[in-house]
file target.pdb (PDB, C-alpha atoms)
ATOM      1  CA  MET J 124       0.000   0.000   0.000  1.00  0.00           C
ATOM      2  CA  SER J 125       1.186   3.451  -0.796  1.00  0.00           C
ATOM      3  CA  ILE J 126      -0.511   6.163   1.249  1.00  0.00           C
ATOM      4  CA  THR J 127       1.205   9.528   1.113  1.00  0.00           C
ATOM      5  CA  ASP J 128      -0.079  12.867   2.406  1.00  0.00           C
ATOM      6  CA  VAL J 129      -3.720  11.752   2.632  1.00  0.00           C
ATOM      7  CA  THR J 130      -6.181  13.764   4.718  1.00  0.00           C
ATOM      8  CA  CYS J 131      -8.944  11.632   6.285  1.00  0.00           C
ATOM      9  CA  LYS J 132     -11.866  12.403   8.585  1.00  0.00           C
ATOM     10  CA  GLU J 133     -11.332   8.855   9.822  1.00  0.00           C
ATOM     11  CA  PRO J 134      -9.231   5.968   8.464  1.00  0.00           C
ATOM     12  CA  PRO J 135     -10.906   4.400   5.421  1.00  0.00           C
ATOM     13  CA  GLN J 136     -11.819   0.727   5.217  1.00  0.00           C
ATOM     14  CA  ILE J 137      -9.297  -0.611   2.728  1.00  0.00           C
ATOM     15  CA  TYR J 138      -9.487  -4.160   1.490  1.00  0.00           C
ATOM     16  CA  HIS J 139      -6.077  -5.611   0.629  1.00  0.00           C
ATOM     17  CA  GLN J 140      -4.161  -2.595   1.885  1.00  0.00           C
ATOM     18  CA  HIS J 141      -1.001  -3.532   0.002  1.00  0.00           C
ATOM     19  CA  LEU J 142      -2.902  -3.171  -3.308  1.00  0.00           C
ATOM     20  CA  VAL J 143      -4.017   0.486  -3.196  1.00  0.00           C
ATOM     21  CA  ASN J 144      -2.302   3.752  -4.061  1.00  0.00           C
ATOM     22  CA  LEU J 145      -3.536   6.921  -2.361  1.00  0.00           C
ATOM     23  CA  TYR J 146      -1.617  10.203  -2.377  1.00  0.00           C
ATOM     24  CA  GLY J 147      -2.423  13.849  -1.741  1.00  0.00           C
ATOM     25  CA  CYS J 148      -6.177  13.213  -1.679  1.00  0.00           C
ATOM     26  CA  ARG J 149      -8.872  13.994   0.866  1.00  0.00           C
ATOM     27  CA  LEU J 150     -11.184  11.270   2.181  1.00  0.00           C
ATOM     28  CA  GLY J 151     -14.360  11.653   4.233  1.00  0.00           C
ATOM     29  CA  LYS J 152     -15.598   9.295   6.927  1.00  0.00           C
ATOM     30  CA  ASP J 153     -16.851   5.744   6.399  1.00  0.00           C
ATOM     31  CA  VAL J 154     -15.096   5.386   3.024  1.00  0.00           C
ATOM     32  CA  ARG J 155     -14.532   1.885   1.622  1.00  0.00           C
ATOM     33  CA  ILE J 156     -11.810   1.271  -0.939  1.00  0.00           C
ATOM     34  CA  GLY J 157     -11.336  -1.957  -2.887  1.00  0.00           C
ATOM     35  CA  ALA J 158      -8.125  -3.521  -4.179  1.00  0.00           C
ATOM     36  CA  PHE J 159      -6.146  -2.021  -7.062  1.00  0.00           C
ATOM     37  CA  VAL J 160      -7.601   1.472  -6.571  1.00  0.00           C
ATOM     38  CA  GLU J 161      -5.619   4.656  -7.168  1.00  0.00           C
ATOM     39  CA  ILE J 162      -6.773   8.021  -5.858  1.00  0.00           C
ATOM     40  CA  GLN J 163      -4.500  10.874  -6.909  1.00  0.00           C
ATOM     41  CA  LYS J 164      -3.522  14.172  -5.365  1.00  0.00           C
ATOM     42  CA  GLY J 165      -6.230  16.799  -5.302  1.00  0.00           C
ATOM     43  CA  ALA J 166      -9.083  14.277  -5.528  1.00  0.00           C
ATOM     44  CA  ARG J 167     -11.799  14.690  -2.899  1.00  0.00           C
ATOM     45  CA  ILE J 168     -13.961  11.853  -1.654  1.00  0.00           C
ATOM     46  CA  GLY J 169     -16.984  12.512   0.566  1.00  0.00           C
ATOM     47  CA  ASP J 170     -18.527  10.540   3.426  1.00  0.00           C
ATOM     48  CA  ARG J 171     -19.996   7.022   3.019  1.00  0.00           C
ATOM     49  CA  VAL J 172     -18.464   6.517  -0.423  1.00  0.00           C
ATOM     50  CA  LYS J 173     -17.668   3.065  -1.779  1.00  0.00           C
ATOM     51  CA  VAL J 174     -14.925   2.809  -4.393  1.00  0.00           C
ATOM     52  CA  SER J 175     -14.860  -0.700  -5.862  1.00  0.00           C
ATOM     53  CA  SER J 176     -11.730  -2.511  -7.045  1.00  0.00           C
ATOM     54  CA  HIS J 177      -9.627  -1.511 -10.052  1.00  0.00           C
ATOM     55  CA  SER J 178     -10.955   2.068 -10.133  1.00  0.00           C
ATOM     56  CA  PHE J 179      -8.926   5.193 -10.921  1.00  0.00           C
ATOM     57  CA  ILE J 180      -9.819   8.594  -9.491  1.00  0.00           C
ATOM     58  CA  CYS J 181      -7.513  11.300 -10.790  1.00  0.00           C
ATOM     59  CA  GLU J 182      -6.618  14.812  -9.772  1.00  0.00           C
ATOM     60  CA  GLY J 183      -9.500  17.248 -10.211  1.00  0.00           C
ATOM     61  CA  VAL J 184     -12.278  14.796  -9.317  1.00  0.00           C
ATOM     62  CA  THR J 185     -14.667  15.590  -6.473  1.00  0.00           C
ATOM     63  CA  ILE J 186     -17.016  12.862  -5.277  1.00  0.00           C
ATOM     64  CA  GLU J 187     -19.659  13.994  -2.808  1.00  0.00           C
ATOM     65  CA  ASP J 188     -21.279  11.935  -0.015  1.00  0.00           C
ATOM     66  CA  ASP J 189     -23.096   8.593  -0.442  1.00  0.00           C
ATOM     67  CA  VAL J 190     -21.697   7.821  -3.908  1.00  0.00           C
ATOM     68  CA  PHE J 191     -21.108   4.320  -5.284  1.00  0.00           C
ATOM     69  CA  ILE J 192     -18.229   3.800  -7.717  1.00  0.00           C
ATOM     70  CA  GLY J 193     -18.387   0.376  -9.394  1.00  0.00           C
ATOM     71  CA  HIS J 194     -15.472  -1.853 -10.341  1.00  0.00           C
ATOM     72  CA  ASN J 195     -12.999  -0.562 -12.929  1.00  0.00           C
ATOM     73  CA  VAL J 196     -14.429   2.958 -13.156  1.00  0.00           C
ATOM     74  CA  ASN J 197     -11.971   5.447 -14.637  1.00  0.00           C
ATOM     75  CA  PHE J 198     -11.996   9.217 -14.500  1.00  0.00           C
ATOM     76  CA  ILE J 199     -10.185  11.412 -17.043  1.00  0.00           C
ATOM     77  CA  ASN J 200      -8.794  14.904 -16.313  1.00  0.00           C
ATOM     78  CA  ASP J 201      -7.223  15.794 -19.667  1.00  0.00           C
ATOM     79  CA  PRO J 202      -9.253  15.692 -22.903  1.00  0.00           C
ATOM     80  CA  TYR J 203      -6.158  15.849 -25.142  1.00  0.00           C
ATOM     81  CA  PRO J 204      -3.332  13.924 -23.438  1.00  0.00           C
ATOM     82  CA  ARG J 205       0.138  14.036 -24.974  1.00  0.00           C
ATOM     83  CA  SER J 206       3.507  12.784 -23.758  1.00  0.00           C
ATOM     84  CA  SER J 207       5.600  15.365 -25.641  1.00  0.00           C
ATOM     85  CA  ASP J 208       5.382  18.383 -27.901  1.00  0.00           C
ATOM     86  CA  GLY J 209       7.602  16.628 -30.447  1.00  0.00           C
ATOM     87  CA  GLU J 210      10.806  17.983 -28.932  1.00  0.00           C
ATOM     88  CA  ARG J 211      10.515  17.537 -25.163  1.00  0.00           C
ATOM     89  CA  LEU J 212       8.650  15.486 -22.609  1.00  0.00           C
ATOM     90  CA  LEU J 213       5.700  17.453 -21.245  1.00  0.00           C
ATOM     91  CA  SER J 214       5.311  18.074 -17.506  1.00  0.00           C
ATOM     92  CA  ASN J 215       2.512  19.080 -15.142  1.00  0.00           C
ATOM     93  CA  ASP J 216       3.222  22.710 -16.051  1.00  0.00           C
ATOM     94  CA  ASP J 217       2.125  22.061 -19.649  1.00  0.00           C
ATOM     95  CA  TRP J 218      -1.519  21.272 -18.965  1.00  0.00           C
ATOM     96  CA  THR J 219      -4.507  22.339 -16.902  1.00  0.00           C
ATOM     97  CA  VAL J 220      -6.614  19.909 -14.893  1.00  0.00           C
ATOM     98  CA  MET J 221     -10.256  19.822 -15.978  1.00  0.00           C
ATOM     99  CA  LYS J 222     -12.472  19.220 -12.981  1.00  0.00           C
ATOM    100  CA  THR J 223     -15.220  16.620 -12.644  1.00  0.00           C
ATOM    101  CA  LEU J 224     -17.985  16.508 -10.016  1.00  0.00           C
ATOM    102  CA  VAL J 225     -20.049  13.525  -8.893  1.00  0.00           C
ATOM    103  CA  LYS J 226     -22.887  14.773  -6.703  1.00  0.00           C
ATOM    104  CA  LYS J 227     -24.414  13.212  -3.607  1.00  0.00           C
ATOM    105  CA  GLY J 228     -26.005   9.785  -3.924  1.00  0.00           C
ATOM    106  CA  ALA J 229     -24.973   9.103  -7.526  1.00  0.00           C
ATOM    107  CA  SER J 230     -23.991   5.589  -8.658  1.00  0.00           C
ATOM    108  CA  ILE J 231     -21.543   4.767 -11.433  1.00  0.00           C
ATOM    109  CA  GLY J 232     -21.682   1.262 -12.894  1.00  0.00           C
ATOM    110  CA  THR J 233     -18.807  -1.124 -13.461  1.00  0.00           C
ATOM    111  CA  GLY J 234     -16.453  -0.413 -16.352  1.00  0.00           C
ATOM    112  CA  SER J 235     -17.578   3.164 -16.930  1.00  0.00           C
ATOM    113  CA  THR J 236     -15.319   6.000 -18.031  1.00  0.00           C
ATOM    114  CA  ILE J 237     -16.095   9.544 -16.940  1.00  0.00           C
ATOM    115  CA  MET J 238     -14.633  12.256 -19.168  1.00  0.00           C
ATOM    116  CA  CYS J 239     -13.342  15.446 -17.608  1.00  0.00           C
ATOM    117  CA  GLY J 240     -15.388  18.588 -17.194  1.00  0.00           C
ATOM    118  CA  VAL J 241     -18.704  16.859 -16.516  1.00  0.00           C
ATOM    119  CA  THR J 242     -21.043  16.900 -13.552  1.00  0.00           C
ATOM    120  CA  ILE J 243     -23.030  13.817 -12.599  1.00  0.00           C
ATOM    121  CA  GLY J 244     -26.117  15.006 -10.769  1.00  0.00           C
ATOM    122  CA  GLU J 245     -27.424  14.095  -7.348  1.00  0.00           C
ATOM    123  CA  GLY J 246     -28.958  10.616  -7.259  1.00  0.00           C
ATOM    124  CA  ALA J 247     -28.038   9.911 -10.899  1.00  0.00           C
ATOM    125  CA  LEU J 248     -27.388   6.385 -12.114  1.00  0.00           C
ATOM    126  CA  ILE J 249     -24.770   5.576 -14.753  1.00  0.00           C
ATOM    127  CA  GLY J 250     -25.146   2.117 -16.304  1.00  0.00           C
ATOM    128  CA  ALA J 251     -22.273  -0.347 -16.604  1.00  0.00           C
ATOM    129  CA  ASN J 252     -19.666   0.191 -19.327  1.00  0.00           C
ATOM    130  CA  SER J 253     -20.846   3.710 -20.112  1.00  0.00           C
ATOM    131  CA  LEU J 254     -18.771   6.548 -21.530  1.00  0.00           C
ATOM    132  CA  VAL J 255     -20.006   9.761 -19.921  1.00  0.00           C
ATOM    133  CA  THR J 256     -19.172  12.788 -22.083  1.00  0.00           C
ATOM    134  CA  LYS J 257     -21.936  15.206 -21.030  1.00  0.00           C
ATOM    135  CA  ASN J 258     -23.456  16.519 -17.821  1.00  0.00           C
ATOM    136  CA  VAL J 259     -25.979  14.178 -16.231  1.00  0.00           C
ATOM    137  CA  GLY J 260     -28.937  15.725 -14.409  1.00  0.00           C
ATOM    138  CA  LYS J 261     -30.304  15.027 -10.960  1.00  0.00           C
ATOM    139  CA  ASN J 262     -31.948  11.578 -10.649  1.00  0.00           C
ATOM    140  CA  GLU J 263     -31.330  10.743 -14.304  1.00  0.00           C
ATOM    141  CA  VAL J 264     -30.391   7.322 -15.690  1.00  0.00           C
ATOM    142  CA  TRP J 265     -27.755   7.347 -18.442  1.00  0.00           C
ATOM    143  CA  TYR J 266     -25.988   4.478 -20.174  1.00  0.00           C
ATOM    144  CA  GLY J 267     -24.260   3.531 -23.410  1.00  0.00           C
ATOM    145  CA  ASN J 268     -21.206   4.526 -25.408  1.00  0.00           C
ATOM    146  CA  PRO J 269     -21.510   7.420 -25.506  1.00  0.00           C
ATOM    147  CA  ALA J 270     -23.908   7.521 -22.564  1.00  0.00           C
ATOM    148  CA  LYS J 271     -27.334   8.971 -23.310  1.00  0.00           C
ATOM    149  CA  PHE J 272     -30.277   9.992 -21.169  1.00  0.00           C
ATOM    150  CA  ARG J 273     -32.665   7.043 -20.757  1.00  0.00           C
ATOM    151  CA  LYS J 274     -35.139   8.043 -18.061  1.00  0.00           C
ATOM    152  CA  SER J 275     -35.721   9.997 -14.884  1.00  0.00           C
ATOM    153  CA  LEU J 276     -35.863   8.269 -11.515  1.00  0.00           C
ATOM    154  CA  THR J 277     -38.508  10.728 -10.286  1.00  0.00           C
ATOM    155  CA  SER J 278     -42.105  11.019 -11.396  1.00  0.00           C
TER     156      SER J 278
END

call {"tool": "encode", "arguments": {"input": "target.pdb", "output": "structure tokens"}}
result
Amino acid sequence: MSITDVTCKEPPQIYHQHLVNLYGCRLGKDVRIGAFVEIQKGARIGDRVKVSSHSFICEGVTIEDDVFIGHNVNFINDPYPRSSDGERLLSNDDWTVMKTLVKKGASIGTGSTIMCGVTIGEGALIGANSLVTKNVGKNEVWYGNPAKFRKSLTS
């Protein structure tokens, strides 16, 4: 396990502690983290959040309280990643983090990818293996590649 400079309201429940990588992030209370999860610097995780195995939460992602992150969910913070400009290796100074917000009570299904710059609304449900490229409204169900609005969870 690699845990460096992590701020926690209380120690998270980590399954297979030697198989996670957490650094420079902020975790709320009653957080559960599965095996093979990485949470990068600047990421913020709220209270009562479950992050399932093999998930990647990068810098610039904020996850509010009561959110479920399924297995192998990946967040993106750069829409145009490059390793070099053709002459030199690029560094952190050569790009700007695009932020992503997952609001309270949302659920993201297994195998989904969340592009940067989107907001997933409160209570929203993202179906398995979805590619989220647009904002998702409160209590909306989205799925597919790319994910599309399918229905509202409220009447």

call {"tool": "residues_around", "arguments": {"input": "target.pdb", "residues": "Val190 in chain J", "least_positions_apart": "3", "cutoff": "12 Å", "atoms": "all atoms listed in the file", "output": "PyMOL selection string"}}
result
chain J and resi 151+153-155+168-175+185-187+193+224-232+243-249

call {"tool": "resolve_selection", "arguments": {"input": "target.pdb", "expression": "the PyMOL selection byres ((chain J and resi 180) around 9)", "output": "list in words"}}
result
Val160, Glu161, Ile162, Gln163, Ala166, Ser178, Phe179, Cys181, Glu182, Gly183, Val184, Val196, Asn197, Phe198 and Ile199 of chain J

call {"tool": "residues_around", "arguments": {"input": "target.pdb", "residues": "Val143 in chain J", "least_positions_apart": "5", "cutoff": "10 Å", "atoms": "all atoms listed in the file", "output": "NGL selection string"}}
result
:J and (124-126 or 137-138 or 156-162 or 176-178)

call {"tool": "residues_around", "arguments": {"input": "target.pdb", "residues": "Val129 in chain J", "least_positions_apart": "3", "cutoff": "7 Å", "atoms": "all atoms listed in the file", "output": "JSON, numbers by chain"}}
result
{"J": [126, 145, 146, 147, 148, 149]}

call {"tool": "resolve_selection", "arguments": {"input": "target.pdb", "expression": "the PyMOL selection byres ((chain J and resi 258) around 12)", "output": "number ranges by chain"}}
result
J: 223-226, 237-245, 247, 249, 254-257, 259-261, 263-265, 270-272
